[in-house]
$ cat my_file-v2.cif   # mmCIF, C-alpha atoms and all ligand atoms
data_protein
loop_
_atom_site.label_atom_id
_atom_site.label_comp_id
_atom_site.auth_asym_id
_atom_site.auth_seq_id
_atom_site.Cartn_x
_atom_site.Cartn_y
_atom_site.Cartn_z
CA MET A 1 184.73 -87.30 184.75
CA VAL A 2 183.43 -83.71 184.70
CA THR A 3 179.86 -82.61 185.36
CA ILE A 4 178.41 -79.66 183.46
CA LYS A 5 175.01 -78.05 184.06
CA ALA A 6 172.67 -78.66 181.13
CA GLU A 7 171.94 -74.97 180.59
CA ASN A 8 175.67 -74.11 180.66
CA MET A 9 176.40 -76.83 178.12
CA THR A 10 173.60 -75.68 175.80
CA ALA A 11 175.00 -72.14 175.83
CA PHE A 12 178.61 -73.36 175.36
CA VAL A 13 177.70 -75.57 172.38
CA SER A 14 175.75 -72.67 170.91
CA ASP A 15 178.80 -70.38 171.24
CA ILE A 16 180.97 -73.02 169.54
CA PHE A 17 178.70 -73.28 166.50
CA ALA A 18 178.13 -69.53 166.29
CA LYS A 19 181.95 -69.20 166.13
CA ALA A 20 182.12 -72.03 163.60
CA GLY A 21 179.87 -70.08 161.24
CA THR A 22 176.21 -70.94 161.81
CA SER A 23 173.55 -68.36 162.68
CA ARG A 24 172.84 -67.95 166.39
CA ALA A 25 169.40 -69.56 165.88
CA GLU A 26 170.97 -72.68 164.35
CA ALA A 27 173.72 -72.77 166.98
CA ASP A 28 171.03 -72.64 169.70
CA ARG A 29 169.13 -75.52 168.03
CA ILE A 30 172.24 -77.68 167.80
CA GLY A 31 172.99 -76.96 171.45
CA LYS A 32 169.42 -77.73 172.47
CA TYR A 33 169.13 -81.09 170.69
CA LEU A 34 172.60 -82.36 171.59
CA VAL A 35 172.03 -81.53 175.26
CA ILE A 36 168.58 -83.20 175.23
CA ALA A 37 170.33 -86.38 174.04
CA ASN A 38 172.65 -86.21 177.06
CA LEU A 39 169.76 -85.33 179.37
CA THR A 40 167.79 -88.38 178.20
CA GLY A 41 170.81 -90.63 178.74
CA HIS A 42 171.79 -90.97 175.07
CA ASP A 43 175.32 -89.63 175.44
CA SER A 44 176.07 -91.35 172.13
CA HIS A 45 174.04 -88.64 170.38
CA GLY A 46 174.93 -85.78 172.67
CA VAL A 47 177.68 -83.20 172.96
CA GLN A 48 180.45 -85.68 172.24
CA ARG A 49 179.43 -85.12 168.60
CA VAL A 50 180.56 -81.46 168.72
CA PRO A 51 184.14 -81.98 167.39
CA ARG A 52 182.91 -84.13 164.50
CA TYR A 53 180.05 -81.73 163.63
CA VAL A 54 182.48 -78.78 163.57
CA GLN A 55 184.92 -80.75 161.44
CA TRP A 56 182.12 -81.72 159.04
CA LEU A 57 180.91 -78.10 158.86
CA GLN A 58 184.47 -77.00 158.02
CA GLU A 59 184.78 -79.73 155.39
CA GLY A 60 181.39 -78.88 153.86
CA VAL A 61 179.77 -82.21 154.75
CA PHE A 62 177.09 -80.20 156.61
CA LEU A 63 176.03 -76.72 155.46
CA ALA A 64 174.87 -73.93 157.75
CA ASP A 65 171.33 -72.54 157.92
CA ARG A 66 169.64 -74.53 155.18
CA VAL A 67 165.96 -74.26 154.31
CA VAL A 68 164.59 -77.54 152.97
CA ASN A 69 163.46 -77.89 149.38
CA ILE A 70 160.11 -79.59 148.72
CA VAL A 71 160.83 -81.88 145.76
CA ASN A 72 157.21 -82.88 145.27
CA GLU A 73 154.07 -83.04 147.36
CA THR A 74 150.35 -83.69 147.57
CA PRO A 75 148.05 -82.86 150.50
CA VAL A 76 149.14 -86.13 152.19
CA TYR A 77 152.81 -86.49 151.42
CA ALA A 78 155.97 -84.52 150.74
CA VAL A 79 159.38 -85.47 149.47
CA VAL A 80 161.80 -83.09 151.15
CA ASP A 81 165.47 -82.43 150.37
CA GLY A 82 167.50 -81.33 153.40
CA LEU A 83 170.25 -80.00 151.08
CA HIS A 84 172.91 -81.28 153.54
CA GLY A 85 171.86 -78.80 156.20
CA PHE A 86 172.33 -79.61 159.88
CA GLY A 87 169.91 -82.35 160.90
CA GLN A 88 168.86 -80.25 163.90
CA THR A 89 167.65 -77.62 161.41
CA VAL A 90 166.25 -79.58 158.47
CA ALA A 91 164.63 -82.49 160.34
CA PRO A 92 162.40 -80.16 162.44
CA GLN A 93 161.38 -78.40 159.20
CA ALA A 94 160.44 -81.77 157.64
CA VAL A 95 158.51 -82.72 160.78
CA GLU A 96 156.55 -79.45 160.69
CA ILE A 97 155.56 -80.18 157.06
CA GLY A 98 154.34 -83.63 158.12
CA LEU A 99 152.39 -82.26 161.09
CA ALA A 100 150.67 -79.59 158.98
CA LYS A 101 149.55 -82.20 156.43
CA CYS A 102 148.44 -84.59 159.18
CA ARG A 103 146.43 -81.83 160.85
CA ALA A 104 144.56 -81.31 157.58
CA MET A 105 144.27 -84.93 156.36
CA GLY A 106 144.45 -87.11 159.49
CA LEU A 107 147.42 -88.94 157.95
CA SER A 108 150.66 -87.87 156.27
CA MET A 109 154.04 -89.08 155.11
CA VAL A 110 157.29 -87.17 154.69
CA ALA A 111 160.34 -88.55 152.92
CA LEU A 112 163.40 -86.56 154.01
CA ARG A 113 166.68 -87.00 152.13
CA ASN A 114 170.13 -85.40 152.38
CA ALA A 115 169.84 -84.35 156.02
CA GLY A 116 172.93 -83.76 158.14
CA HIS A 117 173.09 -85.93 161.26
CA ILE A 118 169.60 -85.74 162.79
CA GLY A 119 170.75 -87.08 166.17
CA ARG A 120 168.20 -88.65 168.48
CA VAL A 121 165.18 -89.60 166.35
CA GLY A 122 162.95 -89.68 169.45
CA ASP A 123 163.04 -85.86 169.48
CA TYR A 124 160.92 -85.80 166.35
CA ALA A 125 158.47 -88.41 167.65
CA GLU A 126 158.14 -86.28 170.80
CA THR A 127 157.32 -83.23 168.68
CA ALA A 128 154.63 -85.24 166.87
CA ALA A 129 153.25 -86.62 170.14
CA ALA A 130 153.07 -83.09 171.58
CA ALA A 131 150.78 -82.28 168.64
CA GLY A 132 148.68 -85.34 169.57
CA PHE A 133 149.93 -87.54 166.71
CA VAL A 134 151.22 -91.09 166.46
CA SER A 135 154.39 -91.24 164.34
CA VAL A 136 156.62 -93.93 162.84
CA HIS A 137 160.12 -93.19 161.51
CA PHE A 138 162.48 -95.34 159.44
CA VAL A 139 165.97 -93.81 159.25
CA ASN A 140 169.23 -94.60 157.50
CA ALA A 141 172.67 -93.00 157.50
CA PHE A 142 174.09 -92.93 153.99
CA GLY A 143 177.89 -92.98 153.85
CA SER A 144 178.12 -94.65 157.24
CA SER A 145 178.27 -98.40 156.65
CA LEU A 146 179.03 -99.83 160.08
CA VAL A 147 176.83 -102.84 160.75
CA ALA A 148 177.17 -106.47 159.69
CA PRO A 149 173.92 -108.24 158.73
CA PHE A 150 172.84 -111.43 160.54
CA GLY A 151 175.28 -114.18 159.62
CA GLY A 152 177.74 -111.75 157.96
CA VAL A 153 181.10 -110.24 158.91
CA ASP A 154 181.35 -107.33 156.49
CA ARG A 155 179.66 -103.95 157.06
CA ARG A 156 176.54 -103.49 155.00
CA PHE A 157 173.99 -101.42 157.03
CA SER A 158 174.17 -98.09 158.83
CA THR A 159 172.99 -98.17 162.45
CA ALA A 160 169.61 -97.38 160.85
CA PRO A 161 167.34 -96.29 163.74
CA TYR A 162 163.65 -97.08 164.01
CA CYS A 163 161.27 -95.01 166.09
CA VAL A 164 157.57 -95.02 167.04
CA GLY A 165 155.85 -92.38 169.19
CA VAL A 166 152.41 -92.74 170.78
CA PRO A 167 150.80 -89.83 172.67
CA ARG A 168 149.03 -90.52 175.96
CA PRO A 169 146.38 -88.30 177.50
CA GLY A 170 147.72 -86.50 180.56
CA GLU A 171 150.95 -88.49 180.52
CA PRO A 172 154.29 -88.36 178.68
CA PRO A 173 154.23 -90.16 175.30
CA LEU A 174 155.53 -93.66 174.66
CA ILE A 175 158.72 -93.25 172.61
CA LEU A 176 160.31 -96.38 171.20
CA ASP A 177 163.58 -95.23 169.63
CA PHE A 178 166.60 -97.39 168.94
CA ALA A 179 169.41 -98.16 166.52
CA THR A 180 168.99 -101.51 164.75
CA SER A 181 172.56 -102.35 165.69
CA ILE A 182 173.32 -103.89 169.11
CA VAL A 183 174.69 -100.45 170.01
CA ALA A 184 174.54 -97.08 168.25
CA GLU A 185 177.93 -96.01 166.84
CA GLY A 186 177.99 -93.18 169.36
CA LYS A 187 177.98 -95.75 172.17
CA VAL A 188 181.17 -97.26 170.72
CA LEU A 189 182.52 -93.70 170.42
CA ASN A 190 181.55 -93.01 174.02
CA ALA A 191 183.22 -96.26 175.22
CA SER A 192 186.37 -95.33 173.26
CA PHE A 193 186.53 -92.11 175.33
CA GLY A 194 186.35 -94.04 178.60
CA GLY A 195 182.54 -93.99 178.90
CA LYS A 196 180.28 -97.00 179.58
CA LYS A 197 181.54 -100.28 178.12
CA ILE A 198 179.54 -101.79 175.27
CA PRO A 199 178.23 -105.41 175.45
CA ALA A 200 180.80 -108.17 174.94
CA ASP A 201 179.18 -109.33 171.68
CA ALA A 202 178.39 -105.89 170.20
CA LEU A 203 181.19 -105.95 167.60
CA VAL A 204 182.62 -108.51 165.22
CA ASP A 205 186.21 -108.32 164.02
CA SER A 206 187.29 -108.97 160.45
CA LYS A 207 187.88 -112.66 161.25
CA GLY A 208 184.38 -113.13 162.66
CA LYS A 209 185.35 -113.03 166.38
CA LEU A 210 182.91 -111.21 168.71
CA SER A 211 184.38 -108.24 170.61
CA GLN A 212 183.68 -105.12 172.72
CA ASP A 213 186.95 -103.36 171.88
CA PRO A 214 186.28 -99.97 170.12
CA HIS A 215 189.55 -100.43 168.17
CA VAL A 216 187.71 -103.06 166.11
CA LEU A 217 185.67 -100.15 164.71
CA TYR A 218 188.16 -97.27 164.81
CA GLY A 219 191.60 -98.88 164.40
CA ASP A 220 194.37 -96.95 166.27
CA TYR A 221 193.55 -93.58 167.91
CA GLU A 222 194.95 -91.10 170.45
CA PRO A 223 192.98 -90.90 173.78
CA SER A 224 191.40 -87.47 173.07
CA GLY A 225 191.99 -87.48 169.33
CA PRO A 226 189.38 -87.96 166.61
CA ARG A 227 187.84 -91.38 165.91
CA ASP A 228 187.39 -92.49 162.33
CA TYR A 229 185.29 -95.58 161.73
CA ARG A 230 186.83 -95.92 158.28
CA LYS A 231 190.10 -96.93 159.97
CA GLY A 232 188.82 -100.11 161.67
CA ASP A 233 188.24 -103.35 159.81
CA GLY A 234 185.48 -104.80 162.02
CA ALA A 235 181.75 -104.08 162.31
CA ILE A 236 178.95 -103.47 164.82
CA ARG A 237 176.47 -106.35 164.84
CA ALA A 238 172.77 -106.00 164.00
CA PHE A 239 170.57 -106.52 167.10
CA GLY A 240 168.05 -109.33 167.51
CA ASP A 241 169.60 -111.88 165.14
CA HIS A 242 167.62 -112.31 161.90
CA LYS A 243 164.72 -110.13 163.12
CA GLY A 244 166.78 -107.04 163.95
CA SER A 245 168.86 -107.53 160.83
CA GLY A 246 165.63 -107.65 158.79
CA LEU A 247 164.38 -104.42 160.42
CA ALA A 248 167.74 -102.76 159.62
CA LEU A 249 167.30 -103.78 155.98
CA MET A 250 163.81 -102.21 155.96
CA CYS A 251 165.17 -98.97 157.51
CA GLU A 252 167.75 -98.87 154.70
CA LEU A 253 165.15 -99.51 152.01
CA LEU A 254 162.44 -97.17 153.41
CA GLY A 255 164.57 -94.47 155.11
CA GLY A 256 167.24 -94.74 152.40
CA SER A 257 166.00 -96.00 149.03
CA LEU A 258 162.40 -94.75 149.17
CA THR A 259 163.34 -91.25 150.36
CA GLY A 260 165.94 -90.87 147.60
CA ASN A 261 168.69 -90.65 150.22
CA GLY A 262 170.08 -93.95 148.99
CA ALA A 263 170.56 -97.20 150.92
CA THR A 264 173.90 -97.01 152.69
CA GLU A 265 177.11 -97.04 150.69
CA GLU A 266 180.48 -96.51 152.30
CA GLY A 267 182.89 -93.76 151.34
CA LYS A 268 180.18 -91.28 150.36
CA ARG A 269 179.08 -87.99 151.94
CA PHE A 270 177.16 -88.61 155.20
CA ALA A 271 173.42 -88.03 155.02
CA ASN A 272 170.49 -89.17 157.12
CA GLY A 273 167.31 -90.19 155.29
CA MET A 274 164.04 -90.45 157.22
CA LEU A 275 160.67 -91.77 156.12
CA SER A 276 158.05 -90.57 158.62
CA PHE A 277 154.36 -91.40 158.91
CA TYR A 278 152.01 -89.30 161.05
CA VAL A 279 148.51 -90.28 162.18
CA ASP A 280 146.02 -88.07 164.01
CA PRO A 281 144.07 -90.42 166.32
CA ALA A 282 141.43 -87.75 166.96
CA LYS A 283 140.51 -87.82 163.24
CA ILE A 284 140.45 -91.56 162.64
CA ASP A 285 138.97 -92.37 166.06
CA PRO A 286 136.42 -89.66 166.95
CA ASP A 287 134.91 -91.89 169.68
CA GLY A 288 138.18 -91.69 171.62
CA PHE A 289 138.71 -95.44 171.95
CA PHE A 290 142.46 -95.22 171.30
CA PRO A 291 143.66 -92.94 174.14
CA ALA A 292 141.65 -94.80 176.75
CA ASP A 293 142.91 -98.17 175.49
CA VAL A 294 146.54 -96.93 175.42
CA THR A 295 146.19 -95.86 179.05
CA LYS A 296 144.51 -99.12 180.09
CA TYR A 297 146.92 -101.37 178.22
CA THR A 298 150.09 -99.53 179.28
CA LYS A 299 148.98 -99.96 182.88
CA HIS A 300 148.37 -103.67 182.24
CA VAL A 301 151.86 -104.10 180.72
CA LYS A 302 153.51 -102.34 183.63
CA SER A 303 151.62 -104.50 186.13
CA SER A 304 153.52 -107.60 185.00
CA ARG A 305 155.31 -109.04 188.04
CA PRO A 306 158.98 -108.02 187.88
CA ILE A 307 161.61 -110.75 187.48
CA VAL A 308 163.76 -108.94 190.01
CA PRO A 309 161.54 -107.87 192.91
CA GLY A 310 161.47 -104.09 193.17
CA VAL A 311 162.78 -103.54 189.63
CA GLU A 312 159.64 -102.33 187.89
CA VAL A 313 158.63 -103.02 184.28
CA LEU A 314 159.13 -99.88 182.21
CA VAL A 315 157.55 -98.79 178.93
CA PRO A 316 159.45 -97.07 176.09
CA GLY A 317 160.28 -93.47 176.96
CA GLU A 318 160.27 -93.99 180.73
CA PRO A 319 164.03 -94.49 181.15
CA GLU A 320 164.65 -91.25 179.25
CA LEU A 321 162.15 -89.32 181.38
CA ARG A 322 163.76 -90.48 184.58
CA MET A 323 167.24 -89.70 183.35
CA ARG A 324 166.08 -86.27 182.23
CA ALA A 325 164.81 -85.48 185.72
CA GLU A 326 168.03 -86.72 187.33
CA ARG A 327 170.48 -85.02 184.96
CA GLY A 328 168.40 -81.85 184.80
CA LYS A 329 168.96 -81.60 188.54
CA ASN A 330 172.53 -82.90 188.87
CA GLY A 331 174.14 -81.99 185.54
CA LEU A 332 175.60 -83.93 182.62
CA PRO A 333 178.46 -86.31 183.44
CA LEU A 334 181.10 -86.32 180.69
CA PRO A 335 184.22 -88.46 180.43
CA ASP A 336 187.38 -86.31 180.69
CA ASP A 337 188.42 -87.13 177.10
CA THR A 338 185.02 -86.06 175.74
CA TRP A 339 185.22 -82.75 177.59
CA ALA A 340 188.86 -82.26 176.50
CA ALA A 341 187.90 -82.82 172.86
CA ILE A 342 185.02 -80.29 173.11
CA VAL A 343 187.27 -77.70 174.80
CA ALA A 344 189.98 -78.23 172.15
CA THR A 345 187.38 -77.61 169.44
CA ALA A 346 186.11 -74.48 171.25
CA LYS A 347 189.65 -73.10 171.59
CA SER A 348 190.49 -73.85 167.97
CA LEU A 349 187.60 -71.51 167.11
CA GLY A 350 188.84 -68.73 169.40
CA LEU A 351 186.83 -69.28 172.61
CA ASP A 352 189.09 -68.50 175.58
CA ASP A 353 189.76 -69.98 179.04
CA ALA A 354 187.26 -67.61 180.63
CA ARG A 355 184.50 -68.96 178.36
CA VAL A 356 185.45 -72.55 179.22
CA ALA A 357 185.46 -71.70 182.93
CA LYS A 358 181.98 -70.16 182.59
CA ALA A 359 180.70 -73.43 181.10
CA MET A 360 182.11 -75.31 184.07
CA ALA A 361 180.60 -72.98 186.69
P1 LIG B 401 168.73 -97.93 173.42
O1 LIG B 401 169.34 -99.26 173.18
O2 LIG B 401 169.10 -97.20 174.66
O3 LIG B 401 167.15 -98.14 173.40
C1 LIG B 401 166.34 -97.03 173.65
C2 LIG B 401 164.88 -97.43 173.59
O4 LIG B 401 164.60 -98.52 174.47
C3 LIG B 401 164.03 -96.28 174.08
O5 LIG B 401 162.80 -96.31 173.42
C4 LIG B 401 163.88 -96.59 175.57
O6 LIG B 401 162.77 -95.95 176.16
C5 LIG B 401 163.73 -98.08 175.52
N1 LIG B 401 164.16 -98.73 176.77
C6 LIG B 401 165.42 -98.71 177.30
N2 LIG B 401 165.45 -99.41 178.43
C7 LIG B 401 164.20 -99.90 178.64
C8 LIG B 401 163.60 -100.70 179.65
N3 LIG B 401 164.29 -101.15 180.71
N4 LIG B 401 162.29 -101.02 179.55
C9 LIG B 401 161.57 -100.56 178.48
N5 LIG B 401 162.09 -99.79 177.49
C10 LIG B 401 163.38 -99.46 177.58
O7 LIG B 401 168.95 -96.94 172.18
P2 LIG B 401 170.11 -96.98 171.07
O8 LIG B 401 169.91 -98.10 170.14
O9 LIG B 401 171.42 -96.89 171.77
O10 LIG B 401 169.84 -95.61 170.31
C11 LIG B 401 170.21 -94.39 170.95
C12 LIG B 401 169.80 -93.21 170.13
O11 LIG B 401 170.58 -93.15 168.97
C13 LIG B 401 168.36 -93.18 169.64
O12 LIG B 401 167.81 -91.96 170.06
C14 LIG B 401 168.45 -93.23 168.11
O13 LIG B 401 167.48 -92.48 167.44
C15 LIG B 401 169.81 -92.63 167.90
N6 LIG B 401 170.42 -93.01 166.62
C16 LIG B 401 170.51 -92.06 165.64
C17 LIG B 401 171.13 -92.37 164.43
C18 LIG B 401 171.25 -91.36 163.34
O14 LIG B 401 171.78 -91.67 162.28
N7 LIG B 401 170.76 -90.16 163.50
C19 LIG B 401 171.66 -93.65 164.23
C20 LIG B 401 171.54 -94.59 165.24
C21 LIG B 401 170.93 -94.25 166.45
#

$ encode --input "my_file-v2.cif" --output "structure tokens" --more "lines below"
Ligand code: NAD
Amino acid sequence: MVTIKAENMTAFVSDIFAKAGTSRAEADRIGKYLVIANLTGHDSHGVQRVPRYVQWLQEGVFLADRVVNIVNETPVYAVVDGLHGFGQTVAPQAVEIGLAKCRAMGLSMVALRNAGHIGRVGDYAETAAAAGFVSVHFVNAFGSSLVAPFGGVDRRFSTAPYCVGVPRPGEPPLILDFATSIVAEGKVLNASFGGKKIPADALVDSKGKLSQDPHVLYGDYEPSGPRDYRKGDGAIRAFGDHKGSGLALMCELLGGSLTGNGATEEGKRFANGMLSFYVDPAKIDPDGFFPADVTKYTKHVKSSRPIVPGVEVLVPGEPELRMRAERGKNGLPLPDDTWAAIVATAKSLGLDDARVAKAMA
């Protein structure tokens, strides 16, 4: 395990993407969002993605420095084409369009299609909450069929995340943000590099046997080599039995079909689709009932007696906040194989030992 300071890692990732051919502004954004994922404890969506992002940039799966195209719009909604730009570039542009419309109308919807990997969806709910808005996001990942539906063995869904953000006066927002699979694919990726093990029933092999072995998803791989989920013949399982599987289906139909991104099909170019709704509580609730009730009710929920004495009840967003404080202070822990893969990518682009050493300082 190596530990890298968050600010060093942000700068290192930025240098990698600047070398790989993005503008410095885009490289900085990719570095920022990937490192926030690690800081908030979502290593699955953090810097371990660097080798795959670089590979996808080189293969033309993602394109550098895209400006979104508005396909059609009214004052309350917009259909936005990300044109296969980096998710860290085109998703914030789509969010800004949604926020501007919500500011004017009190309510808005943005259907984003053809985005590169948008990473941790909670980032966008946090942006909306910082503007004072509630937001709801249904997301799918076209071209990345990884998840078996309830009762099935074969892959049909992407890990299709769902996210809701609720601002709170004077306090950090509530951010509910999860994949509709038992684990996000990145958590299997992370486990395959020696990171935290995934739950024993998170995967199902091609014969229907439950498993936690990443080989079920990736087939054979070298320890620090690339992982390719097309090589395995098993699947990740949808969370929450029929209920989670049903939510995954809705993420595919709303984040995929309704945005024009397409509900997930395997063997196609990767693209995230995201259907986002924004609500301005100040407009629909001028008496201010909502913020006070959120504060009161959140307190009530947290006051539930803990099952394990001393282990407090948390609300969505709290684990990430705590992790952010801890890792901001102590640095980002990375499995050796993850770090080796990032360094190999950096060197393949011409960054030298001195630059690697600077990142580790
Ligand atoms: P997860 O299982 O860690 O769940 C995270 C959510 O649960 C957060 O809202 C968190 O605050 C809440 N939570 C965790 N522990 C809690 C506790 N003890 N009490 C109360 N709430 C608690 O998340 P995941 O499914 O592994 O997803 C990880 C990330 O992956 C998310 O940010 C998601 O957006 C992202 N993702 C992205 C894509 C994509 O295609 N871009 C696909 C899948 C997942």

$ residues_around --input "my_file-v2.cif" --residues "range 309-326 of chain A" --least-positions-apart "2" --cutoff "12 Å" --atoms "only C-alpha atoms" --output "PyMOL selection string"
chain A and resi 5-6+35-43+120+122-123+125-126+129+163-168+171-178+294-295+297-307+328-333

$ closest_residue --input "my_file-v2.cif" --among "A:Gly219, A:Gly262, A:Gly350, A:Gly116" --to "ligand LIG 401 (chain B)" --atoms "all atoms listed in the file"
A:Gly116

$ axis_aligned_box --input "my_file-v2.cif" --around "ligand LIG 401 (chain B)" --padding-each-side "5 Å" --output "JSON"
{"center_x": 166.7, "center_y": -95.7, "center_z": 171.5, "size_x": 20.2, "size_y": 21.0, "size_z": 28.4}

$ residues_around --input "my_file-v2.cif" --residues "range 232-245 of chain A" --least-positions-apart "2" --cutoff "6 Å" --atoms "all atoms listed in the file" --output "number ranges by chain"
A: 146-150, 155, 180-182, 202-206, 216-219, 229-230, 247-248

$ write_last_selection --input "my_file-v2.cif" --atoms "C-alpha atoms" --output "compact mmCIF listing (two decimals), in the frame of the given file"
# COMPACT_ATOMS: atom_id res chain seq x y z
CA LEU A 146 179.03 -99.83 160.08
CA VAL A 147 176.83 -102.84 160.75
CA ALA A 148 177.17 -106.47 159.69
CA PRO A 149 173.92 -108.24 158.73
CA PHE A 150 172.84 -111.43 160.54
CA ARG A 155 179.66 -103.95 157.06
CA THR A 180 168.99 -101.51 164.75
CA SER A 181 172.56 -102.35 165.69
CA ILE A 182 173.32 -103.89 169.11
CA ALA A 202 178.39 -105.89 170.20
CA LEU A 203 181.19 -105.95 167.60
CA VAL A 204 182.62 -108.51 165.22
CA ASP A 205 186.21 -108.32 164.02
CA SER A 206 187.29 -108.97 160.45
CA VAL A 216 187.71 -103.06 166.11
CA LEU A 217 185.67 -100.15 164.71
CA TYR A 218 188.16 -97.27 164.81
CA GLY A 219 191.60 -98.88 164.40
CA TYR A 229 185.29 -95.58 161.73
CA ARG A 230 186.83 -95.92 158.28
CA LEU A 247 164.38 -104.42 160.42
CA ALA A 248 167.74 -102.76 159.62

$ residues_near_point --input "my_file-v2.cif" --point "(167.7, -76.5, 171.8)" --cutoff "12 Å" --atoms "all atoms listed in the file" --output "JSON, numbers by chain"
{"A": [6, 7, 9, 10, 11, 12, 13, 14, 24, 25, 26, 27, 28, 29, 30, 31, 32, 33, 34, 35, 36, 37, 39, 46, 88, 89, 92, 123]}

$ closest_residue --input "my_file-v2.cif" --among "A:Val110, A:Ala141, A:Ala128, A:Leu254" --to "ligand LIG 401 (chain B)" --atoms "all atoms listed in the file"
A:Ala141

$ atom_distance --input "my_file-v2.cif" --atom1 "CA of Thr159 in chain A" --atom2 "CA of Glu59 in chain A"
23.0 Å

$ atom_distance --input "my_file-v2.cif" --atom1 "CA of Gly60 in chain A" --atom2 "CA of His84 in chain A"
8.8 Å

$ residues_around --input "my_file-v2.cif" --residues "Met1 in chain A" --least-positions-apart "3" --cutoff "8 Å" --atoms "only C-alpha atoms" --output "list in words"
Pro333, Leu334, Pro335 and Asp336 of chain A

$ closest_residue --input "my_file-v2.cif" --among "A:Arg66, A:His117, A:Arg227, A:Lys347" --to "Asp81 in chain A" --atoms "all atoms listed in the file"
A:Arg66

$ closest_atom_pairs --input "my_file-v2.cif" --of "range 84-202 of chain A" --to "range 265-278 of chain A" --cutoff "7 Å" --atoms "all atoms listed in the file" --output "tab-separated table"
residue	atom	partner	partner_atom	distance
A:His84	CA	A:Ala271	CA	6.9
A:Gly98	CA	A:Tyr278	CA	6.8
A:Cys102	CA	A:Tyr278	CA	6.2
A:Leu107	CA	A:Tyr278	CA	5.6
A:Ser108	CA	A:Tyr278	CA	5.2
A:Met109	CA	A:Phe277	CA	4.5
A:Val110	CA	A:Ser276	CA	5.3
A:Ala111	CA	A:Leu275	CA	4.6
A:Leu112	CA	A:Met274	CA	5.1
A:Arg113	CA	A:Gly273	CA	4.5
A:Asn114	CA	A:Ala271	CA	5.0
A:Ala115	CA	A:Asn272	CA	5.0
A:Gly116	CA	A:Ala271	CA	5.3
A:His117	CA	A:Asn272	CA	5.9
A:Ile118	CA	A:Asn272	CA	6.7
A:Phe133	CA	A:Tyr278	CA	6.3
A:Val134	CA	A:Tyr278	CA	5.8
A:Ser135	CA	A:Tyr278	CA	4.5
A:Val136	CA	A:Phe277	CA	5.2
A:His137	CA	A:Ser276	CA	4.4
A:Phe138	CA	A:Leu275	CA	5.2
A:Val139	CA	A:Met274	CA	4.4
A:Asn140	CA	A:Gly273	CA	5.3
A:Ala141	CA	A:Asn272	CA	4.4
A:Phe142	CA	A:Ala271	CA	5.1
A:Gly143	CA	A:Lys268	CA	4.5
A:Ser144	CA	A:Glu266	CA	5.8
A:Ser145	CA	A:Glu266	CA	5.2

$ closest_residue --input "my_file-v2.cif" --among "A:Gly260, A:Pro199, A:Pro75, A:Gly288" --to "ligand LIG 401 (chain B)" --atoms "only C-alpha atoms and all ligand atoms"
A:Pro199
